[in-house]
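What follows is structure07.cif (mmCIF, C-alpha atoms).
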```cif
data_run
#
loop_
_atom_site.label_atom_id
_atom_site.label_comp_id
_atom_site.auth_asym_id
_atom_site.auth_seq_id
_atom_site.Cartn_x
_atom_site.Cartn_y
_atom_site.Cartn_z
CA MET O 1 42.80 -10.67 -31.40
CA LYS O 2 43.54 -8.66 -28.25
CA ARG O 3 41.49 -5.76 -29.57
CA ARG O 4 38.60 -8.11 -30.39
CA ASN O 5 38.64 -9.56 -26.85
CA LYS O 6 38.66 -6.06 -25.40
CA ILE O 7 35.61 -5.07 -27.45
CA LEU O 8 33.76 -8.28 -26.51
CA THR O 9 34.56 -7.80 -22.81
CA SER O 10 33.45 -4.16 -22.88
CA GLY O 11 30.26 -5.12 -24.73
CA GLY O 12 29.58 -7.88 -22.22
CA ILE O 13 29.99 -5.50 -19.31
CA VAL O 14 27.60 -2.97 -20.89
CA VAL O 15 24.97 -5.67 -21.55
CA LEU O 16 25.34 -7.05 -18.02
CA ALA O 17 25.02 -3.56 -16.54
CA ALA O 18 21.90 -2.93 -18.63
CA ILE O 19 20.33 -6.21 -17.46
CA CYS O 20 21.19 -5.43 -13.83
CA PHE O 21 19.69 -1.96 -14.18
CA TYR O 22 16.51 -3.37 -15.77
CA VAL O 23 16.12 -5.98 -13.03
CA PHE O 24 17.20 -4.08 -9.92
CA PHE O 25 16.06 -0.53 -10.70
CA PRO O 26 12.35 -1.43 -10.19
CA ILE O 27 13.05 -3.07 -6.85
CA LEU O 28 14.80 0.09 -5.69
CA ILE O 29 12.10 2.55 -6.77
CA ALA O 30 9.19 0.47 -5.43
CA PRO O 31 10.29 -2.36 -3.14
CA PRO O 32 7.88 -5.32 -3.09
CA LEU O 33 5.53 -5.78 -0.13
CA PRO O 34 4.71 -8.94 1.85
CA PHE O 35 1.69 -11.08 0.93
CA TYR O 36 -0.39 -10.00 3.90
CA HIS O 37 -0.18 -8.41 7.31
CA ILE O 38 -2.29 -9.48 10.28
CA GLU O 39 -2.63 -7.42 13.41
CA ASN O 40 -4.43 -8.63 16.50
CA ASN O 41 -5.60 -5.60 18.44
CA ASP O 42 -7.32 -7.75 21.03
CA VAL O 43 -5.95 -8.70 24.46
CA ASN O 44 -6.67 -12.40 23.84
CA ASN O 45 -4.99 -15.05 21.68
CA HIS O 46 -6.64 -15.85 18.34
CA GLU O 47 -6.29 -18.45 15.62
CA VAL O 48 -6.43 -17.07 12.11
CA VAL O 49 -6.67 -19.26 9.02
CA VAL O 50 -5.88 -17.56 5.72
CA LYS O 51 -6.84 -19.26 2.47
CA VAL O 52 -6.17 -17.67 -0.90
CA PHE O 53 -7.92 -18.71 -4.12
CA ASP O 54 -6.91 -17.75 -7.63
CA GLN O 55 -9.25 -16.63 -10.41
CA ASP O 56 -10.14 -20.29 -11.14
CA ASN O 57 -11.16 -20.75 -7.50
CA LYS O 58 -8.18 -23.02 -6.94
CA THR O 59 -6.50 -22.83 -3.52
CA ILE O 60 -3.01 -21.41 -3.97
CA PHE O 61 -2.20 -20.75 -0.33
CA LYS O 62 -3.33 -21.87 3.11
CA LYS O 63 -1.78 -21.08 6.47
CA THR O 64 -2.86 -21.08 10.10
CA HIS O 65 -1.48 -18.40 12.42
CA MET O 66 -1.69 -18.24 16.21
CA LEU O 67 -1.54 -14.62 17.29
CA GLY O 68 -0.94 -13.49 20.84
CA PRO O 69 -2.36 -10.29 22.36
CA LYS O 70 -1.46 -7.20 20.30
CA GLU O 71 0.74 -9.32 18.05
CA GLU O 72 1.37 -8.57 14.36
CA ILE O 73 2.73 -10.88 11.70
CA ARG O 74 3.71 -10.48 8.05
CA GLN O 75 3.66 -13.33 5.56
CA SER O 76 5.93 -13.28 2.51
CA LYS O 77 4.44 -13.83 -0.93
CA PRO O 78 4.55 -17.15 -2.75
CA PHE O 79 7.55 -17.12 -5.11
CA LEU O 80 5.72 -16.35 -8.37
CA LEU O 81 3.65 -13.51 -6.91
CA LYS O 82 6.85 -11.75 -5.88
CA PHE O 83 7.71 -11.07 -9.49
CA THR O 84 4.58 -11.37 -11.64
CA TRP O 85 1.58 -9.16 -12.31
CA PRO O 86 -1.14 -11.73 -13.02
CA GLU O 87 -4.51 -10.81 -14.51
CA GLY O 88 -7.67 -11.49 -12.56
CA GLU O 89 -8.71 -11.29 -8.96
CA TYR O 90 -7.62 -13.35 -5.99
CA THR O 91 -9.91 -14.16 -3.09
CA PHE O 92 -8.70 -14.09 0.52
CA LYS O 93 -10.81 -16.11 2.94
CA VAL O 94 -9.97 -15.31 6.54
CA THR O 95 -11.40 -17.40 9.39
CA LEU O 96 -11.07 -16.30 13.00
CA ASP O 97 -11.18 -18.95 15.74
CA SER O 98 -13.19 -21.26 13.44
CA GLU O 99 -16.17 -18.98 14.06
CA ILE O 100 -16.14 -15.90 11.85
CA THR O 101 -15.17 -15.89 8.18
CA LYS O 102 -14.67 -12.90 5.92
CA THR O 103 -13.66 -12.84 2.26
CA TYR O 104 -11.90 -10.15 0.28
CA GLU O 105 -11.25 -9.97 -3.46
CA THR O 106 -8.27 -8.15 -4.84
CA LYS O 107 -5.72 -8.06 -7.60
CA MET O 108 -2.33 -9.36 -6.51
CA TYR O 109 1.07 -8.07 -7.54
CA PRO O 110 4.48 -7.37 -5.95
CA THR O 111 3.65 -3.93 -4.54
CA LEU O 112 0.25 -4.82 -3.08
CA MET O 113 -0.27 -6.19 0.42
CA VAL O 114 -3.50 -7.32 2.06
CA VAL O 115 -4.03 -6.01 5.58
CA ILE O 116 -6.14 -8.01 8.02
CA ARG O 117 -7.09 -6.22 11.21
CA LEU O 118 -8.69 -7.98 14.14
CA TYR O 119 -10.65 -6.06 16.75
CA HIS O 120 -9.44 -2.73 15.35
CA GLY O 121 -11.39 -0.16 17.33
CA GLU O 122 -14.91 -0.30 18.64
CA ILE O 123 -16.68 0.72 15.45
CA ASN O 124 -14.93 -1.66 13.08
CA PRO O 125 -16.06 -5.18 12.29
CA ILE O 126 -14.16 -7.90 14.20
CA ILE O 127 -12.29 -8.73 10.99
CA SER O 128 -11.58 -5.85 8.63
CA ILE O 129 -9.64 -6.48 5.43
CA GLY O 130 -8.19 -4.03 2.93
CA ALA O 131 -5.26 -3.59 0.58
CA VAL O 132 -2.22 -1.37 0.80
CA VAL O 133 -0.43 -0.37 -2.41
CA VAL O 134 2.83 1.44 -3.07
CA MET S 1 -2.06 21.89 -2.32
CA MET S 2 -4.66 19.78 -4.11
CA ALA S 3 -8.21 19.99 -5.38
CA GLU S 4 -10.74 18.14 -3.29
CA GLU S 5 -14.46 17.50 -3.52
CA SER S 6 -15.87 18.54 -0.18
CA VAL S 7 -18.44 16.34 1.49
CA TYR S 8 -20.58 19.50 1.46
CA GLY S 9 -20.49 19.72 -2.32
CA ASN S 10 -18.09 22.52 -3.20
CA ARG S 11 -14.88 21.71 -4.98
CA HIS S 12 -11.96 23.56 -3.49
CA ALA S 13 -8.23 23.44 -3.09
CA VAL S 14 -6.92 22.33 0.24
CA VAL S 15 -3.60 22.32 1.96
CA ILE S 16 -3.28 18.94 3.57
CA ARG S 17 -2.11 19.23 7.14
CA GLY S 18 -1.25 16.16 9.10
CA TYR S 19 -0.55 16.63 12.76
CA ARG S 20 -0.50 14.63 15.93
CA ASP S 21 -2.68 14.97 18.96
CA SER S 22 -1.55 14.70 22.55
CA TYR S 23 -1.74 10.91 22.31
CA GLU S 24 0.66 10.85 19.36
CA LEU S 25 -2.11 9.73 17.02
CA PHE S 26 -2.52 11.11 13.54
CA TYR S 27 -5.44 13.51 13.46
CA ALA S 28 -6.63 15.52 10.48
CA ARG S 29 -9.85 17.17 9.46
CA ASP S 30 -10.74 19.54 6.65
CA PRO S 31 -8.58 22.61 7.41
CA ASN S 32 -10.82 24.86 5.29
CA THR S 33 -13.72 24.65 7.68
CA TYR S 34 -14.17 26.50 10.93
CA GLY S 35 -12.69 24.40 13.69
CA CYS S 36 -11.52 21.81 11.18
CA SER S 37 -14.75 19.99 11.96
CA ASN S 38 -15.64 18.43 8.60
CA VAL S 39 -14.49 14.94 7.83
CA MET S 40 -12.84 14.80 4.43
CA ASP S 41 -13.48 12.25 1.70
CA TRP S 42 -9.82 11.41 1.47
CA TYR S 43 -6.59 12.28 3.13
CA SER S 44 -3.05 12.61 1.89
CA ARG S 45 -0.31 13.35 4.33
CA TRP S 46 3.46 13.71 4.38
CA ALA S 47 5.65 11.72 6.71
CA HIS S 48 9.35 11.36 7.40
CA ASP S 49 11.54 8.43 6.43
CA LEU S 50 9.00 5.79 5.43
CA HIS S 51 10.33 2.59 3.92
CA HIS S 52 8.58 3.39 0.62
CA ASN S 53 8.12 6.70 -1.21
CA GLY S 54 4.41 6.45 -0.59
CA MET S 55 1.60 4.07 0.24
CA ALA S 56 -2.14 4.21 -0.33
CA TYR S 57 -5.07 2.55 1.39
CA PRO S 58 -7.70 2.72 -1.38
CA ASP S 59 -10.27 0.74 0.63
CA GLY S 60 -10.24 3.53 3.16
CA MET S 61 -9.62 3.54 6.86
CA TRP S 62 -12.16 3.77 9.63
CA ASP S 63 -11.65 5.63 12.85
CA LEU S 64 -8.50 7.38 11.70
CA ASN S 65 -7.41 8.61 15.10
CA GLY S 66 -8.67 5.67 17.14
CA ASP S 67 -11.10 7.76 19.18
CA GLY S 68 -14.10 5.54 18.47
CA VAL S 69 -15.85 8.24 16.40
CA VAL S 70 -17.08 7.09 13.00
CA ASP S 71 -14.77 8.81 10.55
CA PHE S 72 -13.91 7.12 7.29
CA ALA S 73 -11.65 8.23 4.50
CA LEU S 74 -9.56 7.00 1.66
CA TYR S 75 -6.05 7.48 2.85
CA CYS S 76 -2.52 7.78 1.54
CA VAL S 77 0.81 8.83 2.91
CA ASN S 78 3.83 10.29 1.13
CA SER S 79 7.37 10.22 2.42
CA ASP S 80 9.87 13.06 2.22
CA LYS S 81 12.57 10.37 2.11
CA ALA S 82 12.36 6.68 1.31
CA THR S 83 14.58 4.57 3.51
CA GLY S 84 14.00 1.31 1.64
CA GLY S 85 15.11 2.30 -1.84
CA LEU S 86 15.59 5.27 -4.12
CA ASP S 87 13.80 8.56 -3.55
CA TRP S 88 11.55 9.40 -6.46
CA LEU S 89 13.11 12.38 -8.20
CA ASN S 90 10.01 14.56 -8.16
CA HIS S 91 8.04 14.45 -4.95
CA ASP S 92 4.93 15.88 -6.62
CA SER S 93 4.71 12.62 -8.49
CA ILE S 94 4.50 10.70 -5.22
CA VAL S 95 1.34 12.59 -4.29
CA GLN S 96 -0.04 12.25 -7.82
CA HIS S 97 0.63 8.50 -7.83
CA GLU S 98 -0.75 7.78 -4.36
CA VAL S 99 -3.82 10.00 -4.62
CA SER S 100 -4.61 8.39 -7.99
CA HIS S 101 -4.81 5.06 -6.14
CA LEU S 102 -7.57 6.57 -4.02
CA PHE S 103 -9.57 7.13 -7.20
CA ASP S 104 -9.19 3.46 -8.20
CA ALA S 105 -6.23 3.91 -10.54
CA PRO S 106 -4.32 0.61 -10.59
CA ASP S 107 -0.54 0.25 -10.83
CA HIS S 108 0.74 -0.51 -14.31
CA GLY S 109 3.87 -2.20 -13.08
CA TYR S 110 7.51 -1.17 -13.11
CA TYR S 111 7.55 -0.70 -16.87
CA GLY S 112 4.47 0.10 -18.95
CA PRO S 113 2.56 2.94 -20.59
CA ASP S 114 3.62 6.56 -20.10
CA CYS S 115 1.60 7.17 -16.99
CA ILE S 116 2.09 8.26 -13.38
CA MET S 117 0.89 4.79 -12.36
CA THR S 118 3.90 3.21 -14.04
CA TYR S 119 6.68 3.17 -11.45
CA ARG S 120 9.37 4.16 -13.96
CA ASP S 121 7.46 7.36 -14.78
CA ALA S 122 6.56 7.99 -11.16
CA TYR S 123 10.25 7.81 -10.31
CA TRP S 124 11.38 10.21 -13.04
CA GLY S 125 8.41 12.51 -12.40
#
```

Show how you would write the structure in this file as structure tokens.
Amino acid sequence: MKRRNKILTSGGIVVLAAICFYVFFPILIAPPLPFYHIENNDVNNHEVVVKVFDQDNKTIFKKTHMLGPKEEIRQSKPFLLKFTWPEGEYTFKVTLDSEITKTYETKMYPTLMVVIRLYHGEINPIISIGAVVV
Amino acid sequence: MMAEESVYGNRHAVVIRGYRDSYELFYARDPNTYGCSNVMDWYSRWAHDLHHNGMAYPDGMWDLNGDGVVDFALYCVNSDKATGGLDWLNHDSIVQHEVSHLFDAPDHGYYGPDCIMTYRDAYWG
């Protein structure tokens, strides 16, 4: 009986270690990124509204940010997007001060982050959007 | 050292040199041309102690050094040491993985096909 318990305990530890390795190893080799990053390169305050639509054009996220001069913010991903690799494209709709709107389509997964730059240099559009991947 | 398609048409190998100007801004041009005057189609540079092993900006970046001159390139950066996790065992695979992003190669996820775009394989090299 003692021997049987020992074997079961050892087996349990090995299985648990394997599960931990399978779950945590990926996070260590490629840590997930936030949902998006906004940087305001202007010297004035700006209101930025970010809406995200899924492949069925359904709104999955909406948030309004008030950014001060030269301020940057990072928004964490909705829970499911932290761990899943969904098919299809997501659409980011970014509105600046209720005046200018720009959209950007991208895949979305844990190691991808959308970068929204406001007033980034003289030659760039007022809103420039791109993706950063690990 | 990597192969690169020059904006002037000839394919050649280049040593990627990233350096900083007097304003501490990243500045890099094609080192194979006289005066480093040609803008390259894409850049890959090494950096110290980034949070991740590497990151790519496959949509490209405008005005790389912030001087107001129109320069545009696909861009990626590779770290000699990752501070936010495990260092990938083979650093060549960092460059291979990140530069592949610049040619529209998507990530396959943490586990997936035997491919440099699968993080498991990128880690083991």

List every residue of chain S that has an atom at most 6 Å from any atom of chain O, and for each one report the closest atom pair and its distance in Å to one decimal, counting all atoms listed in the file, with rows sorted by chain and then by increasing residue number, as a tab-separated table.
```
residue	atom	partner	partner_atom	distance
S:Gly54	CA	O:Val134	CA	5.8
S:Met55	CA	O:Val134	CA	4.4
S:Ala56	CA	O:Val133	CA	5.3
S:Tyr57	CA	O:Val132	CA	4.9
S:Asp59	CA	O:Gly130	CA	5.7
S:Gly68	CA	O:Glu122	CA	5.9
S:Gly85	CA	O:Leu28	CA	4.5
S:Leu86	CA	O:Ile29	CA	5.2
S:Tyr110	CA	O:Pro26	CA	5.7
```

(request) Please identify all polymer residues lying at most 9 Å from the point (2.7, 8.7, -4.8) (file coordinates), using all atoms listed in the file, and present the result as a list in words. (result)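 Those residues, ordered by chain and then number, are Val134 of chain O; Asn53, Gly54, Met55, Ala56, Cys76, Val77, Asn78, Ser79, His91, Asp92, Ser93, Ile94, Val95, Gln96, His97, Glu98, Val99, Ser100, His101, Ile116, Met117 and Ala122 of chain S.
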
Would you write out those residues with C-alpha atoms, as a compact mmCIF listing (two decimals), in the frame of the given file?
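Just written: result.txt:
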```txt
# COMPACT_ATOMS: atom_id res chain seq x y z
CA VAL O 134 2.83 1.44 -3.07
CA ASN S 53 8.12 6.70 -1.21
CA GLY S 54 4.41 6.45 -0.59
CA MET S 55 1.60 4.07 0.24
CA ALA S 56 -2.14 4.21 -0.33
CA CYS S 76 -2.52 7.78 1.54
CA VAL S 77 0.81 8.83 2.91
CA ASN S 78 3.83 10.29 1.13
CA SER S 79 7.37 10.22 2.42
CA HIS S 91 8.04 14.45 -4.95
CA ASP S 92 4.93 15.88 -6.62
CA SER S 93 4.71 12.62 -8.49
CA ILE S 94 4.50 10.70 -5.22
CA VAL S 95 1.34 12.59 -4.29
CA GLN S 96 -0.04 12.25 -7.82
CA HIS S 97 0.63 8.50 -7.83
CA GLU S 98 -0.75 7.78 -4.36
CA VAL S 99 -3.82 10.00 -4.62
CA SER S 100 -4.61 8.39 -7.99
CA HIS S 101 -4.81 5.06 -6.14
CA ILE S 116 2.09 8.26 -13.38
CA MET S 117 0.89 4.79 -12.36
CA ALA S 122 6.56 7.99 -11.16
```

(message) Translate the PyMOL selection byres ((chain O and resi 99-106) around 12) into a concrete residue list for this structure, as a ChimeraX atom specification.
(response) /O:35-36,46-55,57,86-98,107-109,112-118,125-133 /S:58-59,106

(message) Rounded to one decimal, what separation in Å do you get between atom CA of Trp42 of chain S and atom CA of Phe103 of chain S?
(response)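 Between atom CA of Trp42 of chain S and atom CA of Phe103 of chain S the gap is 9.7 Å.
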
(message) Just the number, please: distance in Å from atom CA of Tyr119 of chain O to atom CA of Pro69 of chain O, one decimal.
(response)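 Atom CA of Pro69 of chain O lies 10.9 Å from atom CA of Tyr119 of chain O.
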